[in-house]
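Have a look at structure_33.cif; it's mmCIF, C-alpha atoms:
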data_query
#
loop_
_atom_site.label_atom_id
_atom_site.label_comp_id
_atom_site.auth_asym_id
_atom_site.auth_seq_id
_atom_site.Cartn_x
_atom_site.Cartn_y
_atom_site.Cartn_z
CA MET E 5 13.38 18.81 13.89
CA SER E 6 16.39 16.56 13.50
CA ALA E 7 16.84 14.17 10.57
CA THR E 8 16.83 11.33 13.05
CA ASP E 9 13.68 12.38 14.88
CA PHE E 10 10.67 10.14 14.44
CA HIS E 11 6.99 10.91 14.53
CA THR E 12 3.61 9.24 14.85
CA PHE E 13 0.95 8.92 12.20
CA ASP E 14 -1.11 11.51 14.04
CA GLU E 15 1.65 14.07 13.41
CA LEU E 16 1.32 13.69 9.64
CA PRO E 17 -1.06 15.96 7.74
CA GLY E 18 -4.74 15.03 7.96
CA SER E 19 -7.04 14.37 5.05
CA ASN E 20 -7.65 17.35 2.81
CA ASP E 21 -11.00 16.18 1.50
CA PRO E 22 -12.85 13.43 3.38
CA ALA E 23 -14.97 12.58 0.34
CA VAL E 24 -11.92 12.16 -1.87
CA ALA E 25 -10.19 10.13 0.84
CA ALA E 26 -13.24 7.89 1.18
CA ASP E 27 -13.28 7.33 -2.57
CA PHE E 28 -9.58 6.42 -2.52
CA ARG E 29 -10.14 4.05 0.37
CA GLY E 30 -12.96 2.31 -1.46
CA ARG E 31 -10.75 1.76 -4.48
CA ILE E 32 -7.86 0.48 -2.40
CA LEU E 33 -10.07 -2.01 -0.59
CA ALA E 34 -11.69 -3.11 -3.85
CA ARG E 35 -8.27 -3.84 -5.33
CA HIS E 36 -7.30 -5.63 -2.14
CA LEU E 37 -10.37 -7.83 -2.31
CA LEU E 38 -9.82 -8.79 -5.93
CA ALA E 39 -6.11 -9.40 -5.47
CA THR E 40 -6.87 -11.49 -2.36
CA LEU E 41 -9.42 -13.52 -4.27
CA ARG E 42 -6.89 -14.26 -6.96
CA ALA E 43 -4.15 -15.05 -4.47
CA THR E 44 -6.32 -17.39 -2.40
CA SER E 45 -7.41 -19.22 -5.52
CA GLY E 46 -3.80 -20.22 -6.02
CA LYS E 47 -3.87 -18.93 -9.57
CA SER E 48 -1.18 -16.67 -10.90
CA LEU E 49 -1.81 -13.90 -13.39
CA SER E 50 -0.31 -16.14 -16.07
CA GLU E 51 -2.60 -19.03 -15.20
CA LEU E 52 -5.67 -16.83 -15.19
CA ALA E 53 -4.66 -15.38 -18.52
CA GLN E 54 -4.34 -18.91 -19.88
CA VAL E 55 -7.81 -19.82 -18.58
CA ARG E 56 -9.30 -16.74 -20.14
CA GLN E 57 -7.14 -16.94 -23.23
CA GLY E 58 -6.20 -13.33 -22.66
CA SER E 59 -3.21 -11.34 -21.50
CA LYS E 60 -1.84 -10.88 -18.00
CA GLY E 61 -2.27 -7.16 -18.51
CA ALA E 62 -5.98 -7.60 -19.18
CA ILE E 63 -6.42 -9.55 -15.94
CA HIS E 64 -4.50 -6.93 -14.02
CA GLN E 65 -6.63 -4.19 -15.54
CA LEU E 66 -9.75 -6.02 -14.38
CA GLU E 67 -8.37 -6.15 -10.86
CA ASN E 68 -7.64 -2.44 -11.01
CA ARG E 69 -11.19 -1.55 -11.95
CA PRO E 70 -13.19 0.03 -9.16
CA LEU E 71 -15.37 -2.63 -7.57
CA ALA E 72 -17.83 0.06 -6.54
CA LYS E 73 -19.00 0.17 -10.14
CA VAL E 74 -19.85 -3.53 -10.05
CA SER E 75 -23.26 -4.38 -8.58
CA ILE E 76 -23.51 -7.35 -6.27
CA GLY E 77 -25.75 -8.99 -8.82
CA SER E 78 -23.08 -8.89 -11.49
CA LEU E 79 -20.20 -9.68 -9.12
CA LEU E 80 -20.64 -13.40 -9.64
CA GLY E 81 -20.33 -13.08 -13.40
CA TYR E 82 -17.40 -10.75 -12.95
CA LEU E 83 -15.48 -13.26 -10.84
CA GLN E 84 -16.52 -16.20 -12.96
CA ALA E 85 -15.16 -14.37 -15.99
CA LEU E 86 -11.85 -14.28 -14.16
CA GLY E 87 -11.97 -18.07 -13.98
CA TYR E 88 -13.32 -18.62 -10.46
CA ASP E 89 -15.92 -21.26 -9.61
CA VAL E 90 -17.79 -19.27 -6.95
CA ASP E 91 -21.33 -18.70 -5.74
CA GLU E 92 -23.13 -16.16 -3.55
CA GLU E 93 -22.46 -18.01 -0.31
CA TRP E 94 -18.76 -18.26 -1.02
CA ILE E 95 -18.60 -14.54 -1.78
CA ALA E 96 -20.38 -13.67 1.44
CA GLN E 97 -18.12 -15.90 3.53
CA SER E 98 -15.01 -14.59 1.81
CA LEU E 99 -16.00 -11.00 2.41
CA VAL E 100 -16.45 -11.63 6.11
CA ARG E 101 -13.11 -13.44 6.35
CA ALA E 102 -11.37 -10.66 4.41
CA LEU E 103 -12.49 -7.94 6.81
CA PRO E 104 -9.66 -6.44 8.84
CA ALA E 105 -9.65 -6.60 12.61
CA ALA E 106 -11.98 -4.05 14.12
CA ALA E 107 -10.03 -0.92 14.91
CA SER E 108 -10.81 2.70 15.55
CA ARG E 109 -9.84 5.11 12.82
CA ILE E 110 -9.37 8.80 13.16
CA MET L 187 -5.13 5.75 13.52
CA ALA L 188 -2.88 5.84 16.53
CA ALA L 189 -0.73 2.75 16.31
CA THR L 190 2.23 3.18 18.62
CA THR L 191 4.18 0.65 16.58
CA ASP L 192 4.35 2.96 13.58
CA HIS L 193 7.06 5.58 13.26
CA PHE L 194 7.72 8.15 10.55
CA SER L 195 11.02 9.85 9.85
CA SER L 196 11.36 13.63 9.72
CA GLN L 197 12.07 13.34 5.98
CA PHE L 198 8.79 11.48 5.52
CA LYS L 199 6.86 14.01 7.61
CA ILE L 200 8.33 17.05 5.86
CA ALA L 201 7.71 15.57 2.40
CA ALA L 202 4.15 14.75 3.46
CA GLU L 203 3.55 18.30 4.65
CA ARG L 204 4.89 19.77 1.42
CA LEU L 205 2.81 17.42 -0.70
CA ALA L 206 -0.32 18.06 1.37
CA ALA L 207 0.15 21.78 0.75
CA SER L 208 0.91 21.55 -2.98
CA GLU L 209 -1.09 18.51 -4.11
CA PRO L 210 -3.59 17.73 -1.37
CA ASN L 211 -5.39 15.03 -3.34
CA LEU L 212 -2.15 13.14 -3.85
CA TRP L 213 -1.44 13.30 -0.15
CA ASP L 214 -4.94 12.04 0.59
CA GLY L 215 -4.18 8.99 -1.55
CA ILE L 216 -0.89 8.30 0.17
CA ARG L 217 -2.49 8.78 3.55
CA GLU L 218 -5.24 6.28 2.79
CA THR L 219 -2.63 3.84 1.55
CA LEU L 220 -0.79 4.19 4.86
CA VAL L 221 -4.06 3.46 6.66
CA TYR L 222 -4.50 0.40 4.44
CA LEU L 223 -1.00 -0.79 5.31
CA TRP L 224 -1.70 -0.26 9.00
CA GLU L 225 -4.91 -2.28 8.79
CA PHE L 226 -3.68 -5.16 6.64
CA ARG L 227 0.03 -5.22 7.44
CA ARG L 228 1.72 -8.11 5.62
CA GLN L 229 -1.49 -8.88 3.79
CA ALA L 230 -1.45 -5.48 2.08
CA LEU L 231 -1.06 -6.10 -1.63
CA ALA L 232 0.06 -4.52 -4.88
CA PRO L 233 -0.55 -2.26 -6.62
CA ASP L 234 -1.02 -0.11 -3.51
CA VAL L 235 1.68 -1.71 -1.36
CA ARG L 236 4.68 -3.57 -2.70
CA TRP L 237 6.87 -5.73 -0.52
CA GLY L 238 10.47 -6.61 -1.26
CA ILE L 239 12.64 -3.65 -2.16
CA ALA L 240 15.81 -5.19 -3.56
CA GLN L 241 17.90 -2.07 -2.94
CA SER L 242 17.33 -2.30 0.81
CA THR L 243 19.33 -4.63 3.00
CA TYR L 244 16.02 -5.43 4.71
CA GLY L 245 14.88 -7.06 1.45
CA PRO L 246 11.47 -8.73 1.90
CA HIS L 247 10.79 -6.69 5.05
CA CYS L 248 11.18 -3.42 3.16
CA GLY L 249 8.18 -2.23 1.22
CA GLU L 250 6.60 0.82 -0.30
CA VAL L 251 3.24 2.51 -0.48
CA ARG L 252 2.46 3.71 -3.98
CA TRP L 253 0.38 6.58 -5.31
CA PRO L 254 -1.22 7.68 -7.66
CA ASP L 255 -3.15 4.48 -8.10
CA PRO L 256 -3.63 2.88 -11.54
CA GLU L 257 -6.97 4.60 -12.02
CA ILE L 258 -5.62 8.14 -11.89
CA GLN L 259 -1.96 7.66 -12.81
CA ALA L 260 -2.59 8.95 -16.33
CA LYS L 261 -3.74 12.28 -14.87
CA TYR L 262 -0.46 12.64 -13.02
CA PRO L 263 2.34 11.87 -15.49
CA ALA L 264 4.86 13.76 -13.36
CA ASP L 265 4.00 11.95 -10.14
CA ALA L 266 4.98 8.49 -8.96
CA TRP L 267 5.12 8.81 -5.19
CA ARG L 268 6.70 6.10 -3.12
CA GLY L 269 6.82 5.82 0.65
CA LEU L 270 9.44 3.36 1.79
CA PHE L 271 9.02 1.51 5.06
CA VAL L 272 10.57 -1.40 6.92
CA ALA L 273 8.62 -3.83 9.08
CA HIS L 274 10.10 -5.88 11.87
CA PRO L 275 9.59 -9.58 11.03
CA ASP L 276 7.34 -10.15 14.05
CA GLY L 277 5.40 -6.93 13.47
CA ALA L 278 6.84 -5.20 16.54
CA TRP L 279 7.30 -2.00 14.57
CA TYR L 280 6.97 -0.32 11.22
CA VAL L 281 9.29 2.55 10.34
CA SER L 282 8.35 4.69 7.35
CA THR L 283 11.52 6.29 6.14
CA ILE L 284 11.54 8.02 2.76
CA LEU L 285 8.68 9.67 0.90
CA GLY L 286 9.58 10.81 -2.60
CA ASN L 287 8.54 11.15 -6.21
CA LYS L 288 10.37 8.69 -8.44
CA ALA L 289 8.78 9.93 -11.68
CA GLY L 290 11.47 10.38 -14.28
CA ALA L 291 14.08 8.61 -12.20
CA GLY L 292 12.85 5.08 -12.73
CA ASN L 293 14.34 2.34 -10.61
CA ALA L 294 17.49 4.40 -10.04
CA TRP L 295 15.46 6.27 -7.43
CA TYR L 296 15.67 3.22 -5.19
CA ASP L 297 19.47 3.21 -5.17
CA ASP L 298 19.69 6.36 -3.04
CA ALA L 299 16.35 6.03 -1.30
CA GLY L 300 17.03 2.45 -0.26
CA ALA L 301 20.38 3.33 1.29
CA GLN L 302 18.93 6.36 3.11
CA SER L 303 16.04 4.25 4.30
CA ASP L 304 18.36 1.63 5.77
CA GLU L 305 20.24 4.32 7.69
CA LEU L 306 17.00 5.76 9.07
CA VAL L 307 15.82 2.34 10.24
CA ALA L 308 19.07 1.85 12.12
CA ALA L 309 18.65 5.31 13.66
CA ALA L 310 15.07 4.54 14.67
CA VAL L 311 16.03 1.29 16.36
CA ASP L 312 18.73 3.14 18.28
CA ARG L 313 16.83 6.31 19.20
CA LEU L 314 13.46 4.77 19.92
CA GLY L 315 14.78 1.66 21.61
CA LEU L 316 12.97 -0.60 19.15
CA ARG L 317 13.41 -4.34 19.14
CA PRO L 318 16.53 -5.02 17.07
CA PHE L 319 16.12 -6.50 13.65
CA PRO L 320 17.19 -10.17 13.57
CA THR L 321 20.63 -10.55 12.10
CA SER L 322 20.20 -14.06 10.71
#
Take the structure in the file and write it out as structure tokens.
Amino acid sequence: MSATDFHTFDELPGSNDPAVAADFRGRILARHLLATLRATSGKSLSELAQVRQGSKGAIHQLENRPLAKVSIGSLLGYLQALGYDVDEEWIAQSLVRALPAAASRI
Amino acid sequence: MAATTDHFSSQFKIAAERLAASEPNLWDGIRETLVYLWEFRRQALAPDVRWGIAQSTYGPHCGEVRWPDPEIQAKYPADAWRGLFVAHPDGAWYVSTILGNKAGAGNAWYDDAGAQSDELVAAAVDRLGLRPFPTS
């Protein structure tokens, strides 16, 4: 194998533990959703921190928390605490828009 | 995932194989982050994907996948894995170049890795016949 050979994703090692990989994927997508929500609101970390009278670090930590631990029922309060004026319908529509294009995964 | 637009250097593959053998959970995280990048492309966001590696001449088109994630980083003080990649501006291809552990090296890690990555991208364009990167 030469240093200038190139390979496909399928030639990389597979998942060691599907359950662990699924957990990682859930966390990644949860962070993506929260970061997308913040980005589409047009608010920066600094602005959100100002709204909440907290630190940028605290906002970032909230975004890093696993969304899987947040029930749908409390999601509204969670986002509203971040400074968003949202309701259930907006959340549902945003989730659908945020979904990636359908694609087959190995 | 079988995207034909995505290419991985031998360095990346070998490092992945070593990591998968020694720290399989860490590899699983990197692998899922690569899947995330493949699915979301330019919309992939920090902290899992960071765009704009200043040490690369490809600048905003050079990015990195990052693992461990913030939730488990404290459990892995000796690990800060970064997988550099470059994306063609129109999405024609993604070349993942360097996979390495920057823990302890700080941002100095990017000085060497960025230069090596740039060379590998040029090699990939040449060897694989990829659409050239715009020069403007």
For atom CA of Pro17 of chain E and atom CA of Ser242 of chain L, determine how far apart the two atoms are, in Å to one decimal place.
26.8 Å
For segment 18-29 of chain E, find every residue with an atom within 7 Å (counting only C-alpha atoms), except residues of its own chain fewer than 3 positions away, and show them as an MDAnalysis selection string.
(chainID E and resid 32:33) or (chainID L and resid 210:211 214:215 218)
Show me a table, sorted first by chain and then by increasing residue number, of the residues of chain L having an atom at most 9 Å from chain E, each with its shortest atom pair and the distance in Å to one decimal, counting only C-alpha atoms and written as a Markdown table.
| residue | atom | partner | partner_atom | distance |
| --- | --- | --- | --- | --- |
| L:Met187 | CA | E:Arg109 | CA | 4.8 |
| L:Ala188 | CA | E:Asp14 | CA | 6.4 |
| L:Ala189 | CA | E:Phe13 | CA | 7.6 |
| L:Thr190 | CA | E:Thr12 | CA | 7.3 |
| L:Thr191 | CA | E:Thr12 | CA | 8.8 |
| L:Asp192 | CA | E:Thr12 | CA | 6.4 |
| L:His193 | CA | E:Thr12 | CA | 5.3 |
| L:Phe194 | CA | E:His11 | CA | 4.9 |
| L:Ser195 | CA | E:Phe10 | CA | 4.6 |
| L:Ser196 | CA | E:Ala7 | CA | 5.6 |
| L:Gln197 | CA | E:Ala7 | CA | 6.7 |
| L:Phe198 | CA | E:Leu16 | CA | 8.8 |
| L:Lys199 | CA | E:Leu16 | CA | 5.9 |
| L:Ile200 | CA | E:Leu16 | CA | 8.6 |
| L:Ala202 | CA | E:Pro17 | CA | 6.9 |
| L:Glu203 | CA | E:Pro17 | CA | 6.0 |
| L:Ala206 | CA | E:Pro17 | CA | 6.7 |
| L:Pro210 | CA | E:Asn20 | CA | 5.8 |
| L:Asn211 | CA | E:Asn20 | CA | 7.0 |
| L:Trp213 | CA | E:Ser19 | CA | 7.7 |
| L:Asp214 | CA | E:Ser19 | CA | 5.5 |
| L:Gly215 | CA | E:Phe28 | CA | 6.1 |
| L:Arg217 | CA | E:Ser19 | CA | 7.4 |
| L:Glu218 | CA | E:Arg29 | CA | 5.9 |
| L:Thr219 | CA | E:Ile32 | CA | 7.4 |
| L:Leu220 | CA | E:Phe13 | CA | 8.9 |
| L:Val221 | CA | E:Arg109 | CA | 8.6 |
| L:Tyr222 | CA | E:Ile32 | CA | 7.6 |
| L:Glu225 | CA | E:Pro104 | CA | 6.3 |
| L:Phe226 | CA | E:Pro104 | CA | 6.5 |
| L:Gln229 | CA | E:Thr40 | CA | 8.6 |
| L:Ala230 | CA | E:His36 | CA | 7.2 |
| L:Leu231 | CA | E:His36 | CA | 6.3 |
| L:Ala232 | CA | E:Ala39 | CA | 7.9 |
| L:Pro233 | CA | E:Arg35 | CA | 8.0 |
| L:Asp234 | CA | E:Ile32 | CA | 7.0 |
| L:Asp255 | CA | E:Ile32 | CA | 8.4 |
| L:Pro256 | CA | E:Asn68 | CA | 6.7 |
| L:Glu257 | CA | E:Asn68 | CA | 7.1 |
| L:Val281 | CA | E:Phe10 | CA | 8.7 |
| L:Leu306 | CA | E:Thr8 | CA | 6.8 |
| L:Ala309 | CA | E:Thr8 | CA | 6.3 |
| L:Ala310 | CA | E:Phe10 | CA | 7.1 |
| L:Arg313 | CA | E:Thr8 | CA | 7.9 |
| L:Leu314 | CA | E:Phe10 | CA | 8.2 |
For atom CA of Ile239 of chain L and atom CA of Ser208 of chain L, the interatomic separation in Å (one decimal)
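Separation between atom CA of Ile239 of chain L and atom CA of Ser208 of chain L: 27.8 Å.
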What separates atom CA of Pro254 of chain L and atom CA of Gly269 of chain L is a distance of 11.7 Å
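Between Ala301 of chain L and the candidates L:Ile258, L:Ala273, L:Ala240, L:Ala266, the tightest atom-to-atom separation, counting all atoms listed in the file, involves L:Ala240.
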Can you tell me, as a compact mmCIF listing (two decimals) with C-alpha atoms, in the frame of the given file, which residues sit within 7 Å of (13.4, -0.1, -4.7) in the file's frame, using only C-alpha atoms?
# COMPACT_ATOMS: atom_id res chain seq x y z
CA ILE L 239 12.64 -3.65 -2.16
CA ALA L 240 15.81 -5.19 -3.56
CA GLN L 241 17.90 -2.07 -2.94
CA ASN L 293 14.34 2.34 -10.61
CA TYR L 296 15.67 3.22 -5.19
CA ASP L 297 19.47 3.21 -5.17
CA GLY L 300 17.03 2.45 -0.26
